[in-house]
$ cat upload17.txt   # compact mmCIF, C-alpha atoms
# COMPACT_ATOMS: atom_id res chain seq x y z
CA MET A 39 116.08 64.52 104.84
CA SER A 40 116.06 67.68 102.73
CA GLU A 41 115.79 71.11 104.29
CA PRO A 42 112.29 72.67 104.18
CA LYS A 43 111.72 75.42 101.61
CA VAL A 44 111.68 79.05 102.73
CA LYS A 45 108.94 81.47 101.63
CA ALA A 46 110.17 84.81 100.27
CA LYS A 47 109.12 87.80 98.19
CA ARG A 48 111.75 88.02 95.43
CA VAL A 49 112.16 91.43 93.77
CA LEU A 50 114.29 92.09 90.69
CA PHE A 51 115.98 95.50 90.56
CA PHE A 52 117.03 96.62 87.08
CA ASP A 53 119.32 99.45 85.93
CA SER A 54 121.81 100.20 83.17
CA GLY A 55 124.57 100.28 85.80
CA VAL A 56 124.98 100.09 89.55
CA GLY A 57 123.23 103.39 90.33
CA GLY A 58 120.00 101.51 91.02
CA LEU A 59 121.71 100.21 94.16
CA SER A 60 120.64 103.54 95.72
CA VAL A 61 117.02 102.46 95.15
CA TYR A 62 117.77 98.90 96.33
CA LYS A 63 119.20 100.31 99.58
CA ALA A 64 116.11 102.45 100.20
CA VAL A 65 113.75 99.57 99.39
CA LYS A 66 115.63 97.09 101.60
CA ALA A 67 115.57 99.57 104.50
CA LEU A 68 111.75 99.45 104.43
CA ASN A 69 111.44 95.82 103.25
CA PRO A 70 114.23 93.85 104.98
CA ASP A 71 112.56 90.49 104.27
CA VAL A 72 112.64 90.93 100.46
CA GLU A 73 115.06 88.70 98.54
CA ALA A 74 116.74 91.00 96.01
CA TYR A 75 118.05 90.09 92.58
CA TYR A 76 119.91 92.95 90.88
CA LEU A 77 120.44 93.01 87.10
CA PHE A 78 122.50 95.74 85.47
CA ASP A 79 122.87 96.14 81.71
CA ASN A 80 126.60 96.78 81.73
CA GLU A 81 126.81 96.03 78.00
CA CYS A 82 124.72 99.11 77.09
CA PHE A 83 125.68 101.48 79.93
CA PRO A 84 124.97 104.42 79.99
CA TYR A 85 121.32 104.59 78.88
CA GLY A 86 121.19 108.40 78.98
CA ASN A 87 122.54 108.79 75.43
CA LYS A 88 120.60 105.94 73.74
CA GLY A 89 117.51 106.25 71.52
CA ASP A 90 114.00 105.43 72.73
CA HIS A 91 113.27 102.61 70.25
CA PHE A 92 116.53 100.82 71.05
CA LEU A 93 115.98 101.17 74.82
CA ILE A 94 112.38 99.91 74.76
CA LYS A 95 113.34 96.76 72.79
CA ARG A 96 116.47 96.15 74.89
CA ILE A 97 114.84 96.61 78.30
CA GLU A 98 111.78 94.58 77.32
CA ALA A 99 113.94 91.68 76.08
CA LEU A 100 116.07 91.65 79.26
CA LEU A 101 113.15 91.83 81.67
CA GLU A 102 111.02 89.30 79.78
CA LYS A 103 113.89 86.81 79.94
CA ALA A 104 114.57 87.61 83.64
CA SER A 105 110.89 87.11 84.50
CA LYS A 106 110.97 83.70 82.78
CA ILE A 107 114.17 82.33 84.34
CA PHE A 108 113.83 83.84 87.83
CA GLU A 109 110.65 83.24 89.77
CA LEU A 110 109.78 86.82 90.77
CA SER A 111 107.23 88.57 92.97
CA ALA A 112 107.82 92.03 91.43
CA ILE A 113 110.23 94.13 89.34
CA VAL A 114 111.66 97.55 90.20
CA VAL A 115 112.96 99.47 87.16
CA ALA A 116 115.56 101.33 89.24
CA CYS A 117 116.53 103.72 86.45
CA ASN A 118 114.87 107.04 85.59
CA THR A 119 115.78 106.85 81.88
CA ALA A 120 114.46 103.28 81.52
CA SER A 121 111.29 104.13 83.48
CA THR A 122 110.42 107.27 81.55
CA VAL A 123 110.81 105.48 78.21
CA ALA A 124 109.73 101.86 78.73
CA LEU A 125 107.22 101.46 81.60
CA PRO A 126 103.99 101.39 79.51
CA GLU A 127 105.44 98.74 77.16
CA LEU A 128 106.78 96.63 80.05
CA ARG A 129 103.47 96.68 81.94
CA LEU A 130 101.69 95.62 78.78
CA ASN A 131 103.92 92.60 78.18
CA ILE A 132 105.11 91.38 81.59
CA LYS A 133 102.47 90.03 83.95
CA LEU A 134 104.17 91.05 87.19
CA PRO A 135 103.85 94.16 89.38
CA ILE A 136 106.37 96.68 87.98
CA VAL A 137 107.48 99.72 89.98
CA GLY A 138 109.23 102.50 88.07
CA VAL A 139 111.47 105.32 89.24
CA VAL A 140 110.71 108.78 87.89
CA PRO A 141 112.25 112.13 88.81
CA ALA A 142 110.97 113.40 92.19
CA VAL A 143 109.50 116.59 90.70
CA LYS A 144 106.32 116.52 92.80
CA PRO A 145 107.98 116.43 96.26
CA ALA A 146 110.64 118.95 95.14
CA ALA A 147 107.98 121.45 94.04
CA LYS A 148 106.28 121.10 97.43
CA LEU A 149 109.55 121.54 99.33
CA SER A 150 110.84 124.55 97.38
CA LYS A 151 110.41 127.84 99.24
CA ASN A 152 111.58 130.16 96.46
CA LYS A 153 109.71 128.14 93.80
CA ILE A 154 112.85 127.62 91.74
CA VAL A 155 113.58 123.92 91.25
CA GLY A 156 116.57 122.34 89.55
CA LEU A 157 116.31 119.07 87.66
CA LEU A 158 119.61 117.26 87.19
CA ALA A 159 119.20 114.24 84.90
CA THR A 160 120.44 112.54 81.74
CA PRO A 161 119.72 114.32 78.42
CA GLY A 162 117.38 111.47 77.41
CA CYS A 163 115.36 111.70 80.60
CA LEU A 164 115.04 115.50 80.28
CA SER A 165 113.84 115.38 76.67
CA ARG A 166 111.06 112.84 77.26
CA GLU A 167 107.41 113.78 77.29
CA TYR A 168 106.97 111.87 80.56
CA THR A 169 109.35 114.25 82.35
CA ASN A 170 107.77 117.34 80.79
CA ASN A 171 104.34 116.12 81.93
CA LEU A 172 105.64 115.67 85.49
CA ILE A 173 106.76 119.32 85.46
CA LYS A 174 103.48 120.50 83.91
CA ASN A 175 101.31 118.51 86.35
CA PHE A 176 103.24 118.96 89.60
CA ALA A 177 105.54 121.98 89.27
CA SER A 178 103.53 124.46 87.23
CA ASP A 179 103.94 127.04 90.01
CA CYS A 180 107.76 126.72 89.88
CA LYS A 181 110.52 127.81 87.57
CA VAL A 182 112.27 124.54 86.65
CA ILE A 183 115.90 124.75 85.54
CA LYS A 184 117.00 121.60 83.69
CA VAL A 185 120.62 120.48 83.53
CA GLY A 186 121.30 117.38 81.44
CA ASP A 187 124.51 115.36 81.51
CA ALA A 188 125.19 111.68 80.73
CA HIS A 189 128.72 111.77 82.22
CA LEU A 190 127.63 112.24 85.86
CA ALA A 191 126.25 108.67 85.93
CA GLU A 192 129.67 107.44 84.76
CA ILE A 193 131.42 109.45 87.50
CA ALA A 194 129.11 107.86 90.11
CA GLU A 195 129.62 104.40 88.58
CA ASP A 196 133.42 104.81 88.73
CA ARG A 197 133.24 105.98 92.33
CA LEU A 198 131.25 102.92 93.37
CA SER A 199 133.75 100.61 91.65
CA THR A 200 137.02 102.33 92.61
CA GLY A 201 136.24 104.61 95.55
CA VAL A 202 137.68 107.59 93.59
CA VAL A 203 135.42 110.53 92.73
CA ASP A 204 136.01 113.11 89.99
CA LYS A 205 135.11 116.29 91.91
CA ALA A 206 136.37 118.58 89.14
CA GLY A 207 134.14 116.78 86.64
CA ILE A 208 131.10 117.19 88.90
CA GLU A 209 131.90 120.87 89.46
CA LYS A 210 131.91 121.42 85.69
CA ILE A 211 128.59 119.57 85.22
CA VAL A 212 126.73 121.66 87.85
CA LYS A 213 128.17 125.00 86.64
CA PRO A 214 124.77 125.99 85.13
CA PHE A 215 123.43 125.98 88.73
CA THR A 216 126.44 127.37 90.60
CA SER A 217 126.99 130.27 88.17
CA LEU A 218 123.49 131.68 88.83
CA GLN A 219 122.88 134.72 91.03
CA LYS A 220 121.46 133.84 94.46
CA GLU A 221 117.98 135.17 93.66
CA GLU A 222 117.87 133.07 90.45
CA SER A 223 119.21 129.86 92.03
CA PRO A 224 117.13 126.79 92.88
CA ASP A 225 116.76 126.01 96.59
CA THR A 226 115.78 122.41 95.73
CA ILE A 227 117.34 120.13 93.11
CA VAL A 228 115.90 116.83 91.90
CA LEU A 229 118.45 114.05 91.45
CA GLY A 230 116.82 112.63 88.32
CA CYS A 231 119.07 109.58 87.93
CA THR A 232 119.50 106.74 90.41
CA HIS A 233 123.30 107.04 90.16
CA TYR A 234 123.34 110.58 91.54
CA PRO A 235 122.70 109.84 95.25
CA PHE A 236 126.15 108.21 95.24
CA VAL A 237 127.74 111.62 94.60
CA LYS A 238 125.28 113.58 96.75
CA ASP A 239 127.98 114.48 99.30
CA VAL A 240 130.02 116.21 96.56
CA LEU A 241 126.92 118.03 95.26
CA GLU A 242 126.13 119.23 98.82
CA GLU A 243 129.71 120.45 99.18
CA LEU A 244 129.42 122.44 95.94
CA MET A 245 125.89 123.74 96.70
CA PRO A 246 125.52 123.83 100.51
CA GLU A 247 122.34 125.94 100.44
CA VAL A 248 120.45 123.45 98.27
CA ARG A 249 118.18 120.58 99.34
CA PHE A 250 118.60 117.51 97.11
CA VAL A 251 115.63 115.21 96.52
CA ASP A 252 115.57 111.68 95.09
CA SER A 253 112.93 108.95 94.71
CA GLY A 254 114.46 106.23 96.93
CA GLU A 255 112.23 106.39 100.00
CA ALA A 256 109.02 106.79 97.97
CA ILE A 257 109.94 103.69 95.95
CA GLY A 258 110.60 101.81 99.20
CA ARG A 259 107.06 102.60 100.37
CA ARG A 260 105.58 101.66 96.99
CA VAL A 261 107.37 98.30 96.96
CA LYS A 262 106.08 97.60 100.48
CA THR A 263 102.51 98.02 99.19
CA VAL A 264 103.11 96.03 95.99
CA VAL A 265 104.79 93.00 97.62
CA LYS A 266 101.96 92.66 100.16
CA GLU A 267 99.73 91.56 97.28
CA ALA A 268 102.44 89.68 95.32
CA LYS A 269 102.90 85.92 95.40
CA TYR A 270 105.45 84.18 97.63
CA ILE A 271 108.40 82.37 96.10
CA GLU A 272 109.62 79.10 97.60
CA THR A 273 113.40 78.89 97.81
CA ASP A 274 116.06 76.80 99.58
CA LYS A 275 117.63 79.82 101.23
CA ILE A 276 117.09 83.59 101.00
CA GLN A 277 120.09 85.04 99.16
CA ASN A 278 120.52 88.33 97.31
CA ARG A 279 122.18 87.80 93.89
CA ALA A 280 123.56 90.27 91.32
CA PHE A 281 123.81 89.83 87.54
CA TYR A 282 125.44 91.77 84.69
CA THR A 283 125.35 91.75 80.87
CA GLY A 284 128.32 91.99 78.52
CA VAL A 285 131.94 91.96 79.65
CA LEU A 286 132.93 93.40 83.03
CA LYS A 287 136.46 94.79 82.77
CA ASN A 288 136.73 95.37 86.51
CA TYR A 289 134.98 92.21 87.70
CA GLU A 290 136.85 91.90 91.04
CA ASP A 291 136.07 95.51 92.02
CA ARG A 292 132.41 95.06 91.10
CA GLU A 293 132.14 91.72 92.88
CA LYS A 294 133.55 93.23 96.08
CA MET A 295 131.20 96.21 95.74
CA VAL A 296 128.00 94.15 95.32
CA LYS A 297 129.05 91.91 98.23
CA ASP A 298 129.45 95.06 100.36
CA PHE A 299 125.80 95.79 99.47
CA GLY A 300 124.73 92.36 100.74
CA PHE A 301 124.75 90.26 97.55
CA VAL A 302 126.27 86.78 97.73
CA SER A 303 127.36 86.57 94.08
CA LEU A 304 127.90 88.45 90.81
CA GLU A 305 126.98 86.37 87.76
CA LYS A 306 126.80 86.89 84.01
CA PHE A 307 123.31 87.22 82.48
CA GLU A 308 122.98 86.08 78.87
CA LEU A 309 120.24 87.56 76.70

$ encode --input "upload17.txt" --output "structure tokens"
Amino acid sequence: MSEPKVKAKRVLFFDSGVGGLSVYKAVKALNPDVEAYYLFDNECFPYGNKGDHFLIKRIEALLEKASKIFELSAIVVACNTASTVALPELRLNIKLPIVGVVPAVKPAAKLSKNKIVGLLATPGCLSREYTNNLIKNFASDCKVIKVGDAHLAEIAEDRLSTGVVDKAGIEKIVKPFTSLQKEESPDTIVLGCTHYPFVKDVLEELMPEVRFVDSGEAIGRRVKTVVKEAKYIETDKIQNRAFYTGVLKNYEDREKMVKDFGFVSLEKFEL
């Protein structure tokens, strides 16, 4: 006699790399019963230096295929760059609840006492109209200092895979903040890329007076609301699975890492 099926809410988390695991962690903390599938576009990592047209087509193709082959309750685009460029297009073409991750400008502006806010993100994310509108709508009473760097995501990615962190590289990236006089320095900095929480300890060491804000917890609450309304999936057994595109040079390291995050497997995803 076959085992009875289990009901689950299956959520796909999507990012260019493994930085979106910071969002996955926050979501799982508030939604422990969600079955998580994690897809990272290793082939085109990092997204921060890619053009809008390319990204929209790429992300749409990946998520349309994922929504066809995996029975899903919802999708979390766990990447600030992907969210700021592709969300409208995705919501138009994929008939599933889609939760995006955008820089936490609104909470940072509320938290800032000196009304100077830093925004640390990829160059692509900083240049987008979406980000500028967030600043205009929610931080108009603040001075916002933007620092854009695509390499910080790579430093975080390497740390997750190898356990080694390039502190000197991070120090160089945040120099535009640390070289400011105290009265001109932000007291709150937005981590505008889902990779950055994985180097937050180093950032806090370099800027101990600063409060760092990311979107993780807010996304966890949003997913809780969205999955309440979403359909159940019937499955043999609830298992978190991870998928990658392209060729993974350090497969064993990545496999161990995703298993440490609670995934049972790391499999190739073909577009």

$ atom_distance --input "upload17.txt" --atom1 "CA of Val72 (chain A)" --atom2 "CA of Ile113 (chain A)"
11.8 Å

$ residues_around --input "upload17.txt" --residues "region 177-182 of chain A" --least-positions-apart "4" --cutoff "9 Å" --atoms "all atoms listed in the file" --output "list in words"
Val143, Lys144, Ala146, Ala147, Lys148, Ser150, Asn152, Lys153, Ile154, Val155, Gly156, Leu157, Leu172, Ile173 and Pro224 of chain A

$ atom_distance --input "upload17.txt" --atom1 "CA of Leu164 (chain A)" --atom2 "CA of Lys220 (chain A)"
24.1 Å

$ axis_aligned_box --input "upload17.txt" --around "region 232-241 of chain A" --padding-each-side "8 Å" --output "lines of an AutoDock Vina configuration file"
center_x = 124.8
center_y = 112.4
center_z = 94.7
size_x = 26.5
size_y = 27.3
size_z = 25.1

$ closest_residue --input "upload17.txt" --among "A:Ala280, A:Ala104, A:Ala120, A:Val49" --to "Ile132 (chain A)" --atoms "only C-alpha atoms"
A:Ala104

$ closest_residue --input "upload17.txt" --among "A:Thr200, A:Glu243, A:Pro235, A:Phe250" --to "Asp291 (chain A)" --atoms "all atoms listed in the file"
A:Thr200

$ closest_residue --input "upload17.txt" --among "A:Val139, A:Val56, A:Cys117, A:Ile183" --to "Glu195 (chain A)" --atoms "all atoms listed in the file"
A:Val56

$ atom_distance --input "upload17.txt" --atom1 "CA of Phe301 (chain A)" --atom2 "CA of Tyr234 (chain A)"
21.2 Å

$ closest_residue --input "upload17.txt" --among "A:Gly138, A:Gly162, A:Pro126, A:Pro145" --to "Asp90 (chain A)" --atoms "only C-alpha atoms"
A:Gly162

$ residues_near_point --input "upload17.txt" --point "(124.2, 90.1, 87.1)" --cutoff "8 Å" --atoms "all atoms listed in the file" --output "ChimeraX atom specification"
/A:76-78,279-283,304-307

$ closest_residue --input "upload17.txt" --among "A:His233, A:Lys213, A:Lys106, A:Asp298" --to "Ser54 (chain A)" --atoms "all atoms listed in the file"
A:His233

$ closest_residue --input "upload17.txt" --among "A:Ser165, A:Ala99, A:Asp274, A:Glu242" --to "Thr216 (chain A)" --atoms "only C-alpha atoms"
A:Glu242

$ residues_around --input "upload17.txt" --residues "Ala159 (chain A)" --least-positions-apart "2" --cutoff "8 Å" --atoms "all atoms listed in the file" --output "list in words"
Leu157, Pro161, Cys163, Leu164, Lys184, Val185, Gly186, Asp187, Ala188, Leu229, Gly230 and Cys231 of chain A

$ residues_near_point --input "upload17.txt" --point "(110.3, 101.8, 98.4)" --cutoff "9 Å" --atoms "all atoms listed in the file" --output "list in words"
Val61, Tyr62, Ala64, Val65, Lys66, Ala67, Leu68, Asn69, Ser253, Gly254, Glu255, Ala256, Ile257, Gly258, Arg259, Arg260, Val261, Lys262 and Thr263 of chain A

$ residues_around --input "upload17.txt" --residues "region 208-211 of chain A" --least-positions-apart "5" --cutoff "8 Å" --atoms "only C-alpha atoms" --output "PDB file with C-alpha atoms, in the coordinates of the input"
ATOM      1  CA  ASP A 187     124.510 115.360  81.510  1.00  0.00           C
ATOM      2  CA  LEU A 190     127.630 112.240  85.860  1.00  0.00           C
ATOM      3  CA  ILE A 193     131.420 109.450  87.500  1.00  0.00           C
ATOM      4  CA  VAL A 240     130.020 116.210  96.560  1.00  0.00           C
ATOM      5  CA  LEU A 241     126.920 118.030  95.260  1.00  0.00           C
ATOM      6  CA  LEU A 244     129.420 122.440  95.940  1.00  0.00           C
TER       7      LEU A 244
END

$ residues_around --input "upload17.txt" --residues "Val302 (chain A)" --least-positions-apart "2" --cutoff "7 Å" --atoms "all atoms listed in the file" --output "number ranges by chain"
A: 277-279, 297, 300

$ residues_around --input "upload17.txt" --residues "Arg129 (chain A)" --least-positions-apart "3" --cutoff "12 Å" --atoms "only C-alpha atoms" --output "list in words"
Ile94, Ile97, Glu98, Leu101, Glu102, Ala112, Ile113, Val114, Val115, Ser121, Ala124, Leu125, Pro126, Ile132, Lys133, Leu134, Pro135, Ile136, Val137 and Gly138 of chain A

$ build_atoms --input "upload17.txt" --residues "region 119-130 of chain A" --atoms "all heavy atoms" --output "PDB file, in the coordinates of the input"
ATOM      1  N   THR A 119     115.839 106.853  83.351  1.00  0.00           N
ATOM      2  CA  THR A 119     115.780 106.850  81.880  1.00  0.00           C
ATOM      3  C   THR A 119     114.938 105.670  81.406  1.00  0.00           C
ATOM      4  O   THR A 119     114.033 105.837  80.580  1.00  0.00           O
ATOM      5  CB  THR A 119     117.213 106.768  81.290  1.00  0.00           C
ATOM      6  OG1 THR A 119     117.955 107.908  81.733  1.00  0.00           O
ATOM      7  CG2 THR A 119     117.182 106.756  79.776  1.00  0.00           C
ATOM      8  N   ALA A 120     115.216 104.478  81.932  1.00  0.00           N
ATOM      9  CA  ALA A 120     114.460 103.280  81.520  1.00  0.00           C
ATOM     10  C   ALA A 120     112.977 103.426  81.867  1.00  0.00           C
ATOM     11  O   ALA A 120     112.104 103.059  81.080  1.00  0.00           O
ATOM     12  CB  ALA A 120     115.043 102.041  82.203  1.00  0.00           C
ATOM     13  N   SER A 121     112.686 103.979  83.049  1.00  0.00           N
ATOM     14  CA  SER A 121     111.290 104.130  83.480  1.00  0.00           C
ATOM     15  C   SER A 121     110.534 105.105  82.598  1.00  0.00           C
ATOM     16  O   SER A 121     109.399 104.831  82.187  1.00  0.00           O
ATOM     17  CB  SER A 121     111.230 104.587  84.944  1.00  0.00           C
ATOM     18  OG  SER A 121     111.748 103.604  85.804  1.00  0.00           O
ATOM     19  N   THR A 122     111.148 106.255  82.317  1.00  0.00           N
ATOM     20  CA  THR A 122     110.420 107.270  81.550  1.00  0.00           C
ATOM     21  C   THR A 122     110.188 106.846  80.102  1.00  0.00           C
ATOM     22  O   THR A 122     109.276 107.330  79.454  1.00  0.00           O
ATOM     23  CB  THR A 122     111.165 108.640  81.562  1.00  0.00           C
ATOM     24  OG1 THR A 122     112.504 108.468  81.119  1.00  0.00           O
ATOM     25  CG2 THR A 122     111.155 109.267  82.941  1.00  0.00           C
ATOM     26  N   VAL A 123     110.990 105.889  79.603  1.00  0.00           N
ATOM     27  CA  VAL A 123     110.810 105.480  78.210  1.00  0.00           C
ATOM     28  C   VAL A 123     110.046 104.158  78.059  1.00  0.00           C
ATOM     29  O   VAL A 123     109.296 103.980  77.106  1.00  0.00           O
ATOM     30  CB  VAL A 123     112.179 105.401  77.454  1.00  0.00           C
ATOM     31  CG1 VAL A 123     113.022 104.232  77.904  1.00  0.00           C
ATOM     32  CG2 VAL A 123     111.971 105.310  75.947  1.00  0.00           C
ATOM     33  N   ALA A 124     110.198 103.221  79.008  1.00  0.00           N
ATOM     34  CA  ALA A 124     109.730 101.860  78.730  1.00  0.00           C
ATOM     35  C   ALA A 124     108.609 101.323  79.606  1.00  0.00           C
ATOM     36  O   ALA A 124     108.079 100.244  79.330  1.00  0.00           O
ATOM     37  CB  ALA A 124     110.934 100.901  78.819  1.00  0.00           C
ATOM     38  N   LEU A 125     108.209 102.029  80.654  1.00  0.00           N
ATOM     39  CA  LEU A 125     107.220 101.460  81.600  1.00  0.00           C
ATOM     40  C   LEU A 125     105.911 101.006  80.942  1.00  0.00           C
ATOM     41  O   LEU A 125     105.453  99.904  81.213  1.00  0.00           O
ATOM     42  CB  LEU A 125     106.923 102.451  82.731  1.00  0.00           C
ATOM     43  CG  LEU A 125     107.897 102.453  83.915  1.00  0.00           C
ATOM     44  CD1 LEU A 125     107.455 103.484  84.950  1.00  0.00           C
ATOM     45  CD2 LEU A 125     107.998 101.081  84.570  1.00  0.00           C
ATOM     46  N   PRO A 126     105.271 101.824  80.082  1.00  0.00           N
ATOM     47  CA  PRO A 126     103.990 101.390  79.510  1.00  0.00           C
ATOM     48  C   PRO A 126     104.120 100.059  78.755  1.00  0.00           C
ATOM     49  O   PRO A 126     103.300  99.152  78.899  1.00  0.00           O
ATOM     50  CB  PRO A 126     103.601 102.530  78.563  1.00  0.00           C
ATOM     51  CG  PRO A 126     104.340 103.721  79.095  1.00  0.00           C
ATOM     52  CD  PRO A 126     105.629 103.192  79.635  1.00  0.00           C
ATOM     53  N   GLU A 127     105.180  99.955  77.956  1.00  0.00           N
ATOM     54  CA  GLU A 127     105.440  98.740  77.160  1.00  0.00           C
ATOM     55  C   GLU A 127     105.673  97.526  78.078  1.00  0.00           C
ATOM     56  O   GLU A 127     105.152  96.440  77.844  1.00  0.00           O
ATOM     57  CB  GLU A 127     106.690  98.986  76.302  1.00  0.00           C
ATOM     58  CG  GLU A 127     106.791  98.096  75.094  1.00  0.00           C
ATOM     59  CD  GLU A 127     105.949  98.579  73.925  1.00  0.00           C
ATOM     60  OE1 GLU A 127     105.530  99.756  73.909  1.00  0.00           O
ATOM     61  OE2 GLU A 127     105.700  97.751  73.043  1.00  0.00           O
ATOM     62  N   LEU A 128     106.459  97.730  79.131  1.00  0.00           N
ATOM     63  CA  LEU A 128     106.780  96.630  80.050  1.00  0.00           C
ATOM     64  C   LEU A 128     105.516  96.128  80.757  1.00  0.00           C
ATOM     65  O   LEU A 128     105.297  94.921  80.890  1.00  0.00           O
ATOM     66  CB  LEU A 128     107.795  97.101  81.105  1.00  0.00           C
ATOM     67  CG  LEU A 128     109.191  97.460  80.597  1.00  0.00           C
ATOM     68  CD1 LEU A 128     110.031  98.063  81.722  1.00  0.00           C
ATOM     69  CD2 LEU A 128     109.896  96.244  80.008  1.00  0.00           C
ATOM     70  N   ARG A 129     104.682  97.072  81.205  1.00  0.00           N
ATOM     71  CA  ARG A 129     103.470  96.680  81.940  1.00  0.00           C
ATOM     72  C   ARG A 129     102.473  95.952  81.038  1.00  0.00           C
ATOM     73  O   ARG A 129     101.676  95.143  81.496  1.00  0.00           O
ATOM     74  CB  ARG A 129     102.837  97.917  82.583  1.00  0.00           C
ATOM     75  CG  ARG A 129     103.647  98.366  83.797  1.00  0.00           C
ATOM     76  CD  ARG A 129     103.108  99.619  84.433  1.00  0.00           C
ATOM     77  NE  ARG A 129     103.831  99.929  85.660  1.00  0.00           N
ATOM     78  CZ  ARG A 129     104.098 101.156  86.082  1.00  0.00           C
ATOM     79  NH1 ARG A 129     103.699 102.204  85.370  1.00  0.00           N
ATOM     80  NH2 ARG A 129     104.752 101.347  87.200  1.00  0.00           N
ATOM     81  N   LEU A 130     102.558  96.257  79.763  1.00  0.00           N
ATOM     82  CA  LEU A 130     101.690  95.620  78.780  1.00  0.00           C
ATOM     83  C   LEU A 130     102.100  94.159  78.558  1.00  0.00           C
ATOM     84  O   LEU A 130     101.261  93.279  78.374  1.00  0.00           O
ATOM     85  CB  LEU A 130     101.806  96.389  77.455  1.00  0.00           C
ATOM     86  CG  LEU A 130     100.666  96.358  76.467  1.00  0.00           C
ATOM     87  CD1 LEU A 130      99.405  96.958  77.065  1.00  0.00           C
ATOM     88  CD2 LEU A 130     101.059  97.139  75.207  1.00  0.00           C
TER      89      LEU A 130
END
